[in-house]
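entry01.csv, holding CSV, C-alpha atoms:
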chain,number,residue,atom,x,y,z
A,1,MET,CA,28.1,-1.2,-21.1
A,2,ARG,CA,31.0,-1.9,-18.8
A,3,PHE,CA,32.2,-0.1,-15.7
A,4,GLN,CA,35.3,-1.1,-13.9
A,5,LYS,CA,35.3,-4.3,-16.2
A,6,LEU,CA,31.8,-5.2,-15.0
A,7,ASP,CA,29.0,-5.6,-17.6
A,8,LEU,CA,26.3,-3.4,-16.0
A,9,ASN,CA,23.6,-5.6,-17.5
A,10,LEU,CA,24.7,-8.2,-15.1
A,11,LEU,CA,23.4,-6.0,-12.2
A,12,VAL,CA,19.9,-6.4,-13.5
A,13,VAL,CA,20.3,-10.2,-13.4
A,14,LEU,CA,21.8,-10.1,-10.0
A,15,ASP,CA,19.0,-7.9,-8.6
A,16,VAL,CA,16.3,-10.4,-9.9
A,17,LEU,CA,18.3,-13.4,-8.7
A,18,LEU,CA,18.6,-12.0,-5.2
A,19,GLU,CA,14.9,-11.3,-5.1
A,20,GLU,CA,13.7,-14.6,-6.6
A,21,ARG,CA,16.5,-16.9,-5.2
A,22,SER,CA,15.8,-19.2,-8.2
A,23,VAL,CA,17.4,-19.4,-11.6
A,24,SER,CA,14.2,-20.6,-13.2
A,25,ARG,CA,12.0,-17.9,-11.7
A,26,ALA,CA,14.6,-15.2,-12.5
A,27,ALA,CA,14.7,-16.5,-16.1
A,28,ASN,CA,10.9,-16.1,-16.3
A,29,ARG,CA,11.1,-12.6,-14.9
A,30,LEU,CA,13.9,-11.6,-17.3
A,31,ASN,CA,12.5,-13.4,-20.4
A,32,LEU,CA,15.7,-15.3,-20.7
A,33,SER,CA,16.5,-19.0,-20.9
A,34,GLN,CA,17.7,-20.7,-17.7
A,35,SER,CA,21.0,-21.5,-19.3
A,36,ALA,CA,21.5,-17.7,-20.1
A,37,VAL,CA,20.8,-16.8,-16.5
A,38,SER,CA,23.0,-19.6,-15.2
A,39,GLY,CA,25.8,-18.2,-17.5
A,40,ASN,CA,25.3,-14.7,-16.2
A,41,LEU,CA,25.4,-16.0,-12.6
A,42,ALA,CA,28.7,-17.7,-13.4
A,43,ARG,CA,30.1,-14.4,-14.7
A,44,LEU,CA,29.0,-12.6,-11.6
A,45,ARG,CA,30.6,-15.2,-9.4
A,46,GLU,CA,33.8,-14.9,-11.3
A,47,PHE,CA,33.8,-11.0,-11.1
A,48,PHE,CA,33.0,-10.9,-7.4
A,49,ASP,CA,35.0,-14.0,-6.5
A,50,ASP,CA,32.0,-15.2,-4.4
A,51,ASP,CA,29.3,-17.8,-4.9
A,52,LEU,CA,26.6,-15.1,-4.3
A,53,LEU,CA,23.9,-17.7,-4.3
A,54,ALA,CA,24.6,-21.1,-2.7
A,55,GLN,CA,22.5,-24.2,-3.3
A,56,ILE,CA,21.3,-25.6,0.0
A,57,GLY,CA,18.9,-28.4,-0.5
A,58,ARG,CA,16.3,-27.3,-3.0
A,59,SER,CA,16.8,-23.6,-2.2
A,60,MET,CA,19.3,-20.9,-3.2
A,61,VAL,CA,20.6,-18.9,-0.3
A,62,PRO,CA,22.5,-15.5,-0.7
A,63,THR,CA,26.0,-15.4,0.7
A,64,PRO,CA,26.8,-12.7,3.2
A,65,LEU,CA,28.4,-10.7,0.3
A,66,ALA,CA,25.3,-11.0,-1.8
A,67,GLU,CA,23.1,-10.0,1.2
A,68,SER,CA,25.2,-6.8,1.7
A,69,MET,CA,24.9,-6.0,-2.1
A,70,ALA,CA,21.2,-6.4,-2.4
A,71,GLU,CA,20.1,-3.0,-1.3
A,72,PRO,CA,22.9,-1.0,-3.0
A,73,VAL,CA,22.4,-2.8,-6.3
A,74,ARG,CA,18.6,-2.2,-6.2
A,75,ASP,CA,19.3,1.5,-5.4
A,76,ILE,CA,21.7,1.9,-8.4
A,77,LEU,CA,19.1,0.4,-10.7
A,78,MET,CA,16.4,2.6,-9.3
A,79,GLN,CA,18.5,5.7,-9.9
A,80,ILE,CA,19.1,4.7,-13.5
A,81,GLN,CA,15.4,3.9,-14.0
A,82,SER,CA,14.3,7.3,-12.6
A,83,THR,CA,16.9,9.1,-14.8
A,84,ILE,CA,15.6,7.4,-17.9
A,85,GLU,CA,11.9,7.5,-17.2
A,86,THR,CA,11.6,11.0,-15.8
A,87,LYS,CA,10.7,13.4,-18.6
A,88,PRO,CA,11.4,17.2,-18.3
A,89,SER,CA,7.7,18.1,-18.8
A,90,PHE,CA,4.3,16.4,-18.6
A,91,ASP,CA,1.2,17.2,-20.7
A,92,PRO,CA,-1.8,15.3,-19.2
A,93,ALA,CA,-3.9,15.5,-22.3
A,94,SER,CA,-1.3,13.7,-24.5
A,95,ALA,CA,0.6,11.6,-21.9
A,96,THR,CA,0.5,7.8,-22.1
A,97,ARG,CA,1.8,5.8,-19.2
A,98,SER,CA,0.8,3.8,-16.2
A,99,ILE,CA,0.5,4.9,-12.5
A,100,ARG,CA,0.6,2.0,-10.1
A,101,LEU,CA,-0.6,2.3,-6.5
A,102,HIS,CA,-1.7,0.4,-3.5
A,103,ALA,CA,-4.6,1.6,-1.4
A,104,SER,CA,-7.4,0.1,0.8
A,105,ASP,CA,-10.9,-0.2,-0.5
A,106,TYR,CA,-11.8,2.6,2.0
A,107,VAL,CA,-9.4,5.1,0.3
A,108,THR,CA,-10.6,3.8,-3.1
A,109,GLU,CA,-14.2,4.6,-2.1
A,110,VAL,CA,-13.7,8.0,-0.5
A,111,LEU,CA,-11.0,9.4,-2.8
A,112,LEU,CA,-9.8,7.4,-5.7
A,113,ALA,CA,-13.1,6.8,-7.4
A,114,ARG,CA,-13.5,10.6,-7.7
A,115,ALA,CA,-9.8,11.0,-8.7
A,116,ILE,CA,-10.1,8.5,-11.5
A,117,ALA,CA,-13.1,10.2,-13.0
A,118,LYS,CA,-11.2,13.5,-13.0
A,119,ALA,CA,-8.1,11.8,-14.4
A,120,ARG,CA,-10.1,10.3,-17.2
A,121,ALA,CA,-11.3,13.8,-18.2
A,122,LEU,CA,-7.9,15.4,-18.0
A,123,ALA,CA,-5.5,12.6,-19.1
A,124,PRO,CA,-7.3,9.9,-21.1
A,125,GLY,CA,-4.0,8.2,-21.9
A,126,ILE,CA,-3.1,7.6,-18.3
A,127,ARG,CA,-3.7,4.0,-17.1
A,128,VAL,CA,-4.1,3.7,-13.3
A,129,GLU,CA,-3.5,0.3,-11.7
A,130,ILE,CA,-4.9,0.0,-8.2
A,131,ASP,CA,-4.1,-3.0,-5.9
A,132,PHE,CA,-5.3,-3.4,-2.4
A,133,MET,CA,-2.9,-3.4,0.5
A,134,ASP,CA,-1.2,-6.7,1.5
A,135,ASP,CA,1.8,-7.8,3.6
A,136,MET,CA,4.4,-7.0,0.9
A,137,VAL,CA,3.5,-3.4,-0.1
A,138,LEU,CA,6.4,-1.7,1.8
A,139,ASP,CA,8.8,-4.1,0.1
A,140,ARG,CA,7.3,-3.3,-3.4
A,141,LEU,CA,7.6,0.5,-2.7
A,142,GLY,CA,11.3,0.0,-1.7
A,143,ARG,CA,11.9,-1.9,-4.9
A,144,GLY,CA,10.2,0.7,-7.1
A,145,GLN,CA,7.5,-1.7,-8.2
A,146,VAL,CA,4.7,0.6,-7.2
A,147,ASP,CA,4.5,4.4,-7.6
A,148,PHE,CA,2.4,5.2,-4.6
A,149,LEU,CA,1.2,3.8,-1.3
A,150,LEU,CA,-2.0,5.4,0.2
A,151,THR,CA,-1.9,4.3,3.8
A,152,PRO,CA,-2.2,5.5,7.4
A,153,ASP,CA,0.9,7.3,8.7
A,154,ASN,CA,1.8,4.6,11.2
A,155,PHE,CA,2.1,2.0,8.3
A,156,THR,CA,4.3,4.0,6.0
A,157,HIS,CA,7.9,3.1,4.9
A,158,PRO,CA,10.6,4.9,7.1
A,159,ASP,CA,13.0,5.5,4.2
A,160,HIS,CA,10.8,7.3,1.6
A,161,PRO,CA,9.1,10.7,1.3
A,162,LYS,CA,5.4,11.1,2.1
A,163,GLU,CA,2.7,13.8,2.6
A,164,LYS,CA,-0.7,14.0,4.2
A,165,LEU,CA,-3.7,13.4,2.0
A,166,PHE,CA,-6.5,13.8,4.6
A,167,THR,CA,-7.6,13.1,8.1
A,168,ASP,CA,-10.6,11.1,9.3
A,169,GLU,CA,-12.2,10.1,12.5
A,170,HIS,CA,-13.9,6.9,13.6
A,171,VAL,CA,-17.6,6.3,14.5
A,172,VAL,CA,-19.8,3.5,15.6
A,173,VAL,CA,-22.2,2.1,13.0
A,174,VAL,CA,-25.3,-0.1,13.6
A,175,TRP,CA,-28.4,-1.2,11.7
A,176,GLU,CA,-31.1,1.4,12.1
A,177,GLY,CA,-33.4,-1.3,13.5
A,178,ASN,CA,-30.9,-2.3,16.3
A,179,ARG,CA,-32.8,-1.6,19.5
A,180,GLN,CA,-29.9,-2.5,21.8
A,181,VAL,CA,-28.6,1.0,21.5
A,182,GLY,CA,-30.2,4.4,21.3
A,183,ASP,CA,-28.7,7.6,20.0
A,184,ALA,CA,-25.5,7.0,22.0
A,185,ILE,CA,-23.5,4.0,23.3
A,186,SER,CA,-21.6,3.7,26.5
A,187,PHE,CA,-18.2,2.2,26.7
A,188,ASP,CA,-19.5,-0.8,28.6
A,189,GLN,CA,-22.1,-1.4,25.9
A,190,TYR,CA,-19.4,-1.0,23.2
A,191,MET,CA,-17.1,-3.6,24.8
A,192,ALA,CA,-20.0,-6.0,25.6
A,193,MET,CA,-21.6,-6.1,22.1
A,194,ASP,CA,-20.5,-8.2,19.2
A,195,HIS,CA,-18.4,-6.5,16.5
A,196,VAL,CA,-17.6,-6.8,12.9
A,197,GLN,CA,-13.8,-6.4,12.4
A,198,VAL,CA,-11.5,-6.1,9.4
A,199,ARG,CA,-8.4,-8.3,9.0
A,200,PHE,CA,-6.0,-8.0,6.0
A,201,GLY,CA,-4.0,-10.5,4.1
A,202,MET,CA,-2.6,-13.9,4.9
A,203,LYS,CA,-1.1,-12.5,8.1
A,204,ARG,CA,-4.5,-11.3,9.3
A,205,SER,CA,-3.1,-7.8,9.9
A,206,PRO,CA,-5.3,-5.5,12.0
A,207,SER,CA,-7.0,-2.4,10.8
A,208,PHE,CA,-6.1,1.0,12.3
A,209,ASP,CA,-8.9,0.8,14.9
A,210,GLN,CA,-8.0,-2.7,16.0
A,211,TRP,CA,-4.3,-1.8,16.1
A,212,PHE,CA,-5.2,1.1,18.5
A,213,MET,CA,-7.4,-1.1,20.7
A,214,GLU,CA,-4.8,-3.8,21.0
A,215,ARG,CA,-2.1,-1.3,21.7
A,216,PHE,CA,-3.9,-0.1,24.8
A,217,GLY,CA,-5.0,-3.6,25.9
A,218,TYR,CA,-8.7,-3.5,24.9
A,219,ALA,CA,-10.2,-6.8,23.6
A,220,ARG,CA,-13.4,-6.3,21.7
A,221,LYS,CA,-15.8,-9.2,21.1
A,222,ALA,CA,-15.4,-10.0,17.4
A,223,ALA,CA,-18.3,-12.0,16.0
A,224,VAL,CA,-17.5,-11.5,12.3
A,225,PHE,CA,-14.2,-10.9,10.5
A,226,VAL,CA,-14.2,-9.5,6.9
A,227,PRO,CA,-11.3,-8.9,4.5
A,228,ASP,CA,-12.0,-5.2,3.7
A,229,PHE,CA,-13.8,-2.1,4.9
A,230,THR,CA,-16.6,-1.9,2.3
A,231,THR,CA,-17.9,-5.4,3.3
A,232,VAL,CA,-18.6,-4.2,6.8
A,233,PRO,CA,-21.8,-2.2,6.3
A,234,ALA,CA,-23.8,-5.1,4.8
A,235,MET,CA,-22.8,-7.3,7.7
A,236,LEU,CA,-24.7,-4.9,10.1
A,237,VAL,CA,-28.1,-4.9,8.3
A,238,GLU,CA,-30.8,-6.8,10.2
A,239,THR,CA,-28.3,-7.8,13.0
A,240,ASP,CA,-27.4,-6.8,16.5
A,241,LEU,CA,-23.8,-6.3,15.5
A,242,LEU,CA,-21.9,-3.0,15.6
A,243,ALA,CA,-18.7,-1.8,13.8
A,244,THR,CA,-16.2,0.9,14.2
A,245,MET,CA,-15.8,2.6,10.8
A,246,HIS,CA,-14.1,5.6,9.2
A,247,ALA,CA,-16.5,8.6,9.4
A,248,ARG,CA,-16.1,9.5,5.7
A,249,LEU,CA,-17.0,6.0,4.6
A,250,ALA,CA,-19.8,5.6,7.1
A,251,LYS,CA,-21.4,8.8,5.9
A,252,GLN,CA,-21.5,7.4,2.3
A,253,TYR,CA,-23.0,4.1,3.4
A,254,VAL,CA,-25.8,5.5,5.6
A,255,GLN,CA,-27.1,7.0,2.3
A,256,ARG,CA,-27.3,3.6,0.7
A,257,LEU,CA,-28.2,1.2,3.6
A,258,PRO,CA,-30.5,1.4,6.6
A,259,LEU,CA,-27.7,2.2,9.1
A,260,ARG,CA,-27.2,4.7,11.9
A,261,ILE,CA,-24.0,6.5,13.0
A,262,LEU,CA,-23.2,6.9,16.7
A,263,PRO,CA,-20.3,8.7,18.4
A,264,LEU,CA,-17.5,6.5,19.7
A,265,PRO,CA,-17.5,6.1,23.5
A,266,ILE,CA,-13.7,6.1,23.5
A,267,GLU,CA,-11.3,8.7,22.3
A,268,PHE,CA,-9.5,7.4,19.2
A,269,PRO,CA,-6.5,9.2,17.6
A,270,VAL,CA,-7.3,11.1,14.4
A,271,LEU,CA,-6.4,8.9,11.4
A,272,THR,CA,-3.9,10.6,9.1
A,273,GLU,CA,-4.0,9.1,5.6
A,274,MET,CA,-0.7,9.5,3.7
A,275,ILE,CA,0.5,9.2,0.2
A,276,GLN,CA,4.1,7.9,-0.2
A,277,TRP,CA,6.4,7.4,-3.1
A,278,HIS,CA,10.0,6.2,-3.8
A,279,ARG,CA,12.6,8.8,-3.1
A,280,HIS,CA,14.1,8.4,-6.6
A,281,PHE,CA,10.9,9.5,-8.2
A,282,GLN,CA,10.5,12.6,-6.1
A,283,ARG,CA,10.6,14.9,-9.2
A,284,ASP,CA,8.7,12.8,-11.7
A,285,PRO,CA,6.3,15.3,-13.4
A,286,ALA,CA,3.6,12.7,-14.0
A,287,LEU,CA,3.6,11.6,-10.4
A,288,LEU,CA,3.7,15.2,-9.2
A,289,TRP,CA,0.6,15.9,-11.3
A,290,PHE,CA,-1.2,12.9,-9.9
A,291,ARG,CA,-0.4,13.9,-6.3
A,292,GLN,CA,-1.8,17.4,-7.0
A,293,LEU,CA,-4.9,15.8,-8.6
A,294,LEU,CA,-5.5,13.8,-5.4
A,295,ARG,CA,-5.1,17.0,-3.3
A,296,GLU,CA,-7.6,18.8,-5.4
A,297,CYS,CA,-10.1,16.0,-5.1
A,298,MET,CA,-9.9,16.1,-1.3
A,299,ALA,CA,-10.2,19.9,-1.2
A,300,GLU,CA,-13.4,19.7,-3.3
A,301,GLN,CA,-14.8,17.0,-1.1
A,302,ASP,CA,-14.1,19.0,2.1
A,303,LEU,CA,-15.8,22.2,0.8

Could you render the structure as structure tokens?
Amino acid sequence: MRFQKLDLNLLVVLDVLLEERSVSRAANRLNLSQSAVSGNLARLREFFDDDLLAQIGRSMVPTPLAESMAEPVRDILMQIQSTIETKPSFDPASATRSIRLHASDYVTEVLLARAIAKARALAPGIRVEIDFMDDMVLDRLGRGQVDFLLTPDNFTHPDHPKEKLFTDEHVVVVWEGNRQVGDAISFDQYMAMDHVQVRFGMKRSPSFDQWFMERFGYARKAAVFVPDFTTVPAMLVETDLLATMHARLAKQYVQRLPLRILPLPIEFPVLTEMIQWHRHFQRDPALLWFRQLLRECMAEQDL
């Protein structure tokens, strides 16, 4: 299809080229030969009268024009995709599609496990793909490569809609045999003891509690770093370590492991866990259904 003498199929190629910045990688993504992608790039260069991607050393670097086009081109393609994929109605019992989301292991444990069980009963043809959070999730949401992010409010994308899923508080958790603390812990004890802390991804991004502590200039004594929340409880057993955990998750683990929950000796802000989606899929019936399913699961849990 052509619009203003431009073959609109070339916009798909341009979008992938601007993301990959490599003809060979773009060819792999598009399932085309390198020569075909090179030919399409030549046609794009002729139409826009610009190199678009300039070879500098072993890298391809977007020109200023290409940089300015990247977001509008992606937005156009997302609008087309949402128009094509959004059906006028949704029947869970007969639907067959995938729902892709990013969430922490904490949210997976306290919410998604229950939601998946319910989804399997109501919509057996729906496939749910869950990936953990990493440093690129906001970019993937903006590019429409994921349907949902489930993340604390302060880590959401500024340009896309969101709604509150649930709130949670933080507590201190220790091994039940830890005799350094009684039924409560003072702030001085909390700061003096060795902690288990969570860091995410290659950039070692902090968890919400660590982000809060660092923001207000508190430096806890970290003795053990782990890559996810559900690893924390096992690190406490038979040690003198402590950890700051989400209350919902902590309550589940004290039923499985010999652990104790203590109140935090410092006032943390309430954690607000959000669900976020791309603005072009605001009215997708399948995604509306899944959001409602999550809300119902949280309501049942909070009864």

Sorted by chain and rising residue number, which residues of range 29-95 of chain A lie within 9 Å of range 114-123 of chain A, and what are their closest atom pairs and distances in Å to one decimal, counting only C-alpha atoms, as JSON lines?
{"residue": "A:Asp91", "atom": "CA", "partner": "A:Ala123", "partner_atom": "CA", "distance": 8.3}
{"residue": "A:Pro92", "atom": "CA", "partner": "A:Ala123", "partner_atom": "CA", "distance": 4.6}
{"residue": "A:Ala93", "atom": "CA", "partner": "A:Ala123", "partner_atom": "CA", "distance": 4.6}
{"residue": "A:Ser94", "atom": "CA", "partner": "A:Ala123", "partner_atom": "CA", "distance": 6.9}
{"residue": "A:Ala95", "atom": "CA", "partner": "A:Ala123", "partner_atom": "CA", "distance": 6.8}

With C-alpha atoms retained, write the just-selected residues as a PDB file, in the frame of the given file.
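Result saved to selection-v7.pdb:
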ATOM      1  CA  ASP A  91       1.200  17.200 -20.700  1.00  0.00           C
ATOM      2  CA  PRO A  92      -1.800  15.300 -19.200  1.00  0.00           C
ATOM      3  CA  ALA A  93      -3.900  15.500 -22.300  1.00  0.00           C
ATOM      4  CA  SER A  94      -1.300  13.700 -24.500  1.00  0.00           C
ATOM      5  CA  ALA A  95       0.600  11.600 -21.900  1.00  0.00           C
TER       6      ALA A  95
END

Just the number, please: distance in Å from CA of Ser186 in chain A to CA of Thr244 in chain A, one decimal.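 Pair CA of Ser186 in chain A / CA of Thr244 in chain A returns 13.7 Å.
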
Distance cut-off 12 Å, centre (-10.4, 0.6, 16.7) in file coordinates, counting all atoms listed in the file: which residues qualify? Return them as JSON, numbers by chain. {"A": [169, 170, 171, 172, 190, 191, 195, 196, 197, 198, 199, 206, 207, 208, 209, 210, 211, 212, 213, 214, 215, 216, 217, 218, 219, 220, 222, 243, 244, 245, 246, 264, 265, 266, 267, 268, 269, 270, 271]}

Pull the closest atom pair for each residue of range 147-166 of chain A that gets at most 12 Å from range 285-299 of chain A, along with the distance in Å to one decimal, counting only C-alpha atoms, ordering rows by chain and then ascending residue number, as a tab-separated table.
residue	atom	partner	partner_atom	distance
A:Asp147	CA	A:Leu287	CA	7.8
A:Phe148	CA	A:Leu287	CA	8.7
A:Leu149	CA	A:Arg291	CA	11.4
A:Leu150	CA	A:Leu294	CA	10.7
A:Lys162	CA	A:Arg291	CA	10.6
A:Glu163	CA	A:Arg291	CA	9.4
A:Lys164	CA	A:Arg295	CA	9.2
A:Leu165	CA	A:Arg295	CA	6.6
A:Phe166	CA	A:Met298	CA	7.2

Please provide as a PyMOL selection string all residues within 9 Å of Asn40 in chain A, with the sequence filter that same-chain residues fewer than 4 positions apart are discarded (counting only C-alpha atoms). chain A and resi 10+13-14+35-36+44-45

What does the structure give for the distance between CA of Phe48 in chain A and CA of Gln34 in chain A, in Å to one decimal?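 It comes out at 20.9 Å.
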
Since fewer atoms than expected are present, regenerate all heavy atoms for range 172-182 of chain A and write them as a compact mmCIF listing (two decimals), keeping the file's coordinate frame.
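Result file follows (selection18.txt):
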# COMPACT_ATOMS: atom_id res chain seq x y z
N VAL A 172 -19.11 4.75 15.43
CA VAL A 172 -19.80 3.50 15.60
C VAL A 172 -20.95 3.44 14.56
O VAL A 172 -21.65 4.45 14.38
CB VAL A 172 -20.36 3.30 17.00
CG1 VAL A 172 -21.24 2.04 17.09
CG2 VAL A 172 -19.22 3.20 18.00
N VAL A 173 -21.14 2.30 13.92
CA VAL A 173 -22.20 2.10 13.00
C VAL A 173 -23.04 0.90 13.35
O VAL A 173 -22.46 -0.16 13.64
CB VAL A 173 -21.71 2.01 11.52
CG1 VAL A 173 -22.87 1.88 10.53
CG2 VAL A 173 -20.85 3.21 11.16
N VAL A 174 -24.36 1.04 13.33
CA VAL A 174 -25.30 -0.10 13.60
C VAL A 174 -26.43 -0.05 12.63
O VAL A 174 -26.69 0.97 11.99
CB VAL A 174 -25.83 -0.01 15.07
CG1 VAL A 174 -24.71 -0.12 16.10
CG2 VAL A 174 -26.64 1.28 15.28
N TRP A 175 -27.13 -1.15 12.53
CA TRP A 175 -28.40 -1.20 11.70
C TRP A 175 -29.39 -0.29 12.37
O TRP A 175 -29.48 -0.18 13.60
CB TRP A 175 -28.87 -2.66 11.73
CG TRP A 175 -30.21 -2.87 11.09
CD1 TRP A 175 -30.64 -2.35 9.91
CD2 TRP A 175 -31.29 -3.65 11.62
NE1 TRP A 175 -31.93 -2.76 9.65
CE2 TRP A 175 -32.34 -3.57 10.68
CE3 TRP A 175 -31.46 -4.42 12.76
CZ2 TRP A 175 -33.56 -4.22 10.87
CZ3 TRP A 175 -32.65 -5.08 12.95
CH2 TRP A 175 -33.69 -4.98 12.02
N GLU A 176 -30.16 0.41 11.55
CA GLU A 176 -31.10 1.40 12.10
C GLU A 176 -32.21 0.70 12.92
O GLU A 176 -32.85 1.34 13.76
CB GLU A 176 -31.75 2.20 10.97
CG GLU A 176 -32.64 1.42 10.02
CD GLU A 176 -33.29 2.32 8.97
OE1 GLU A 176 -32.84 3.46 8.79
OE2 GLU A 176 -34.24 1.86 8.33
N GLY A 177 -32.40 -0.62 12.74
CA GLY A 177 -33.40 -1.30 13.50
C GLY A 177 -32.82 -1.98 14.79
O GLY A 177 -33.53 -2.69 15.51
N ASN A 178 -31.54 -1.74 15.07
CA ASN A 178 -30.90 -2.30 16.30
C ASN A 178 -31.39 -1.56 17.50
O ASN A 178 -31.05 -0.39 17.71
CB ASN A 178 -29.38 -2.19 16.13
CG ASN A 178 -28.63 -2.93 17.23
OD1 ASN A 178 -29.16 -3.13 18.32
ND2 ASN A 178 -27.40 -3.31 16.93
N ARG A 179 -32.18 -2.22 18.33
CA ARG A 179 -32.80 -1.60 19.50
C ARG A 179 -31.92 -1.76 20.76
O ARG A 179 -32.34 -1.35 21.84
CB ARG A 179 -34.18 -2.13 19.74
CG ARG A 179 -35.14 -1.85 18.58
CD ARG A 179 -35.29 -0.36 18.35
NE ARG A 179 -36.06 -0.07 17.12
CZ ARG A 179 -35.70 0.80 16.21
NH1 ARG A 179 -34.56 1.47 16.36
NH2 ARG A 179 -36.45 1.01 15.15
N GLN A 180 -30.75 -2.38 20.63
CA GLN A 180 -29.90 -2.50 21.80
C GLN A 180 -29.25 -1.17 22.19
O GLN A 180 -28.81 -0.99 23.32
CB GLN A 180 -28.77 -3.53 21.53
CG GLN A 180 -29.26 -4.97 21.43
CD GLN A 180 -28.09 -5.94 21.47
OE1 GLN A 180 -27.03 -5.65 22.02
NE2 GLN A 180 -28.28 -7.12 20.90
N VAL A 181 -29.19 -0.26 21.24
CA VAL A 181 -28.60 1.00 21.50
C VAL A 181 -29.52 2.14 21.04
O VAL A 181 -30.28 1.98 20.09
CB VAL A 181 -27.21 1.17 20.80
CG1 VAL A 181 -26.20 0.24 21.40
CG2 VAL A 181 -27.34 0.93 19.31
N GLY A 182 -29.43 3.28 21.73
CA GLY A 182 -30.20 4.40 21.30
C GLY A 182 -29.40 5.38 20.48
O GLY A 182 -28.73 4.94 19.55
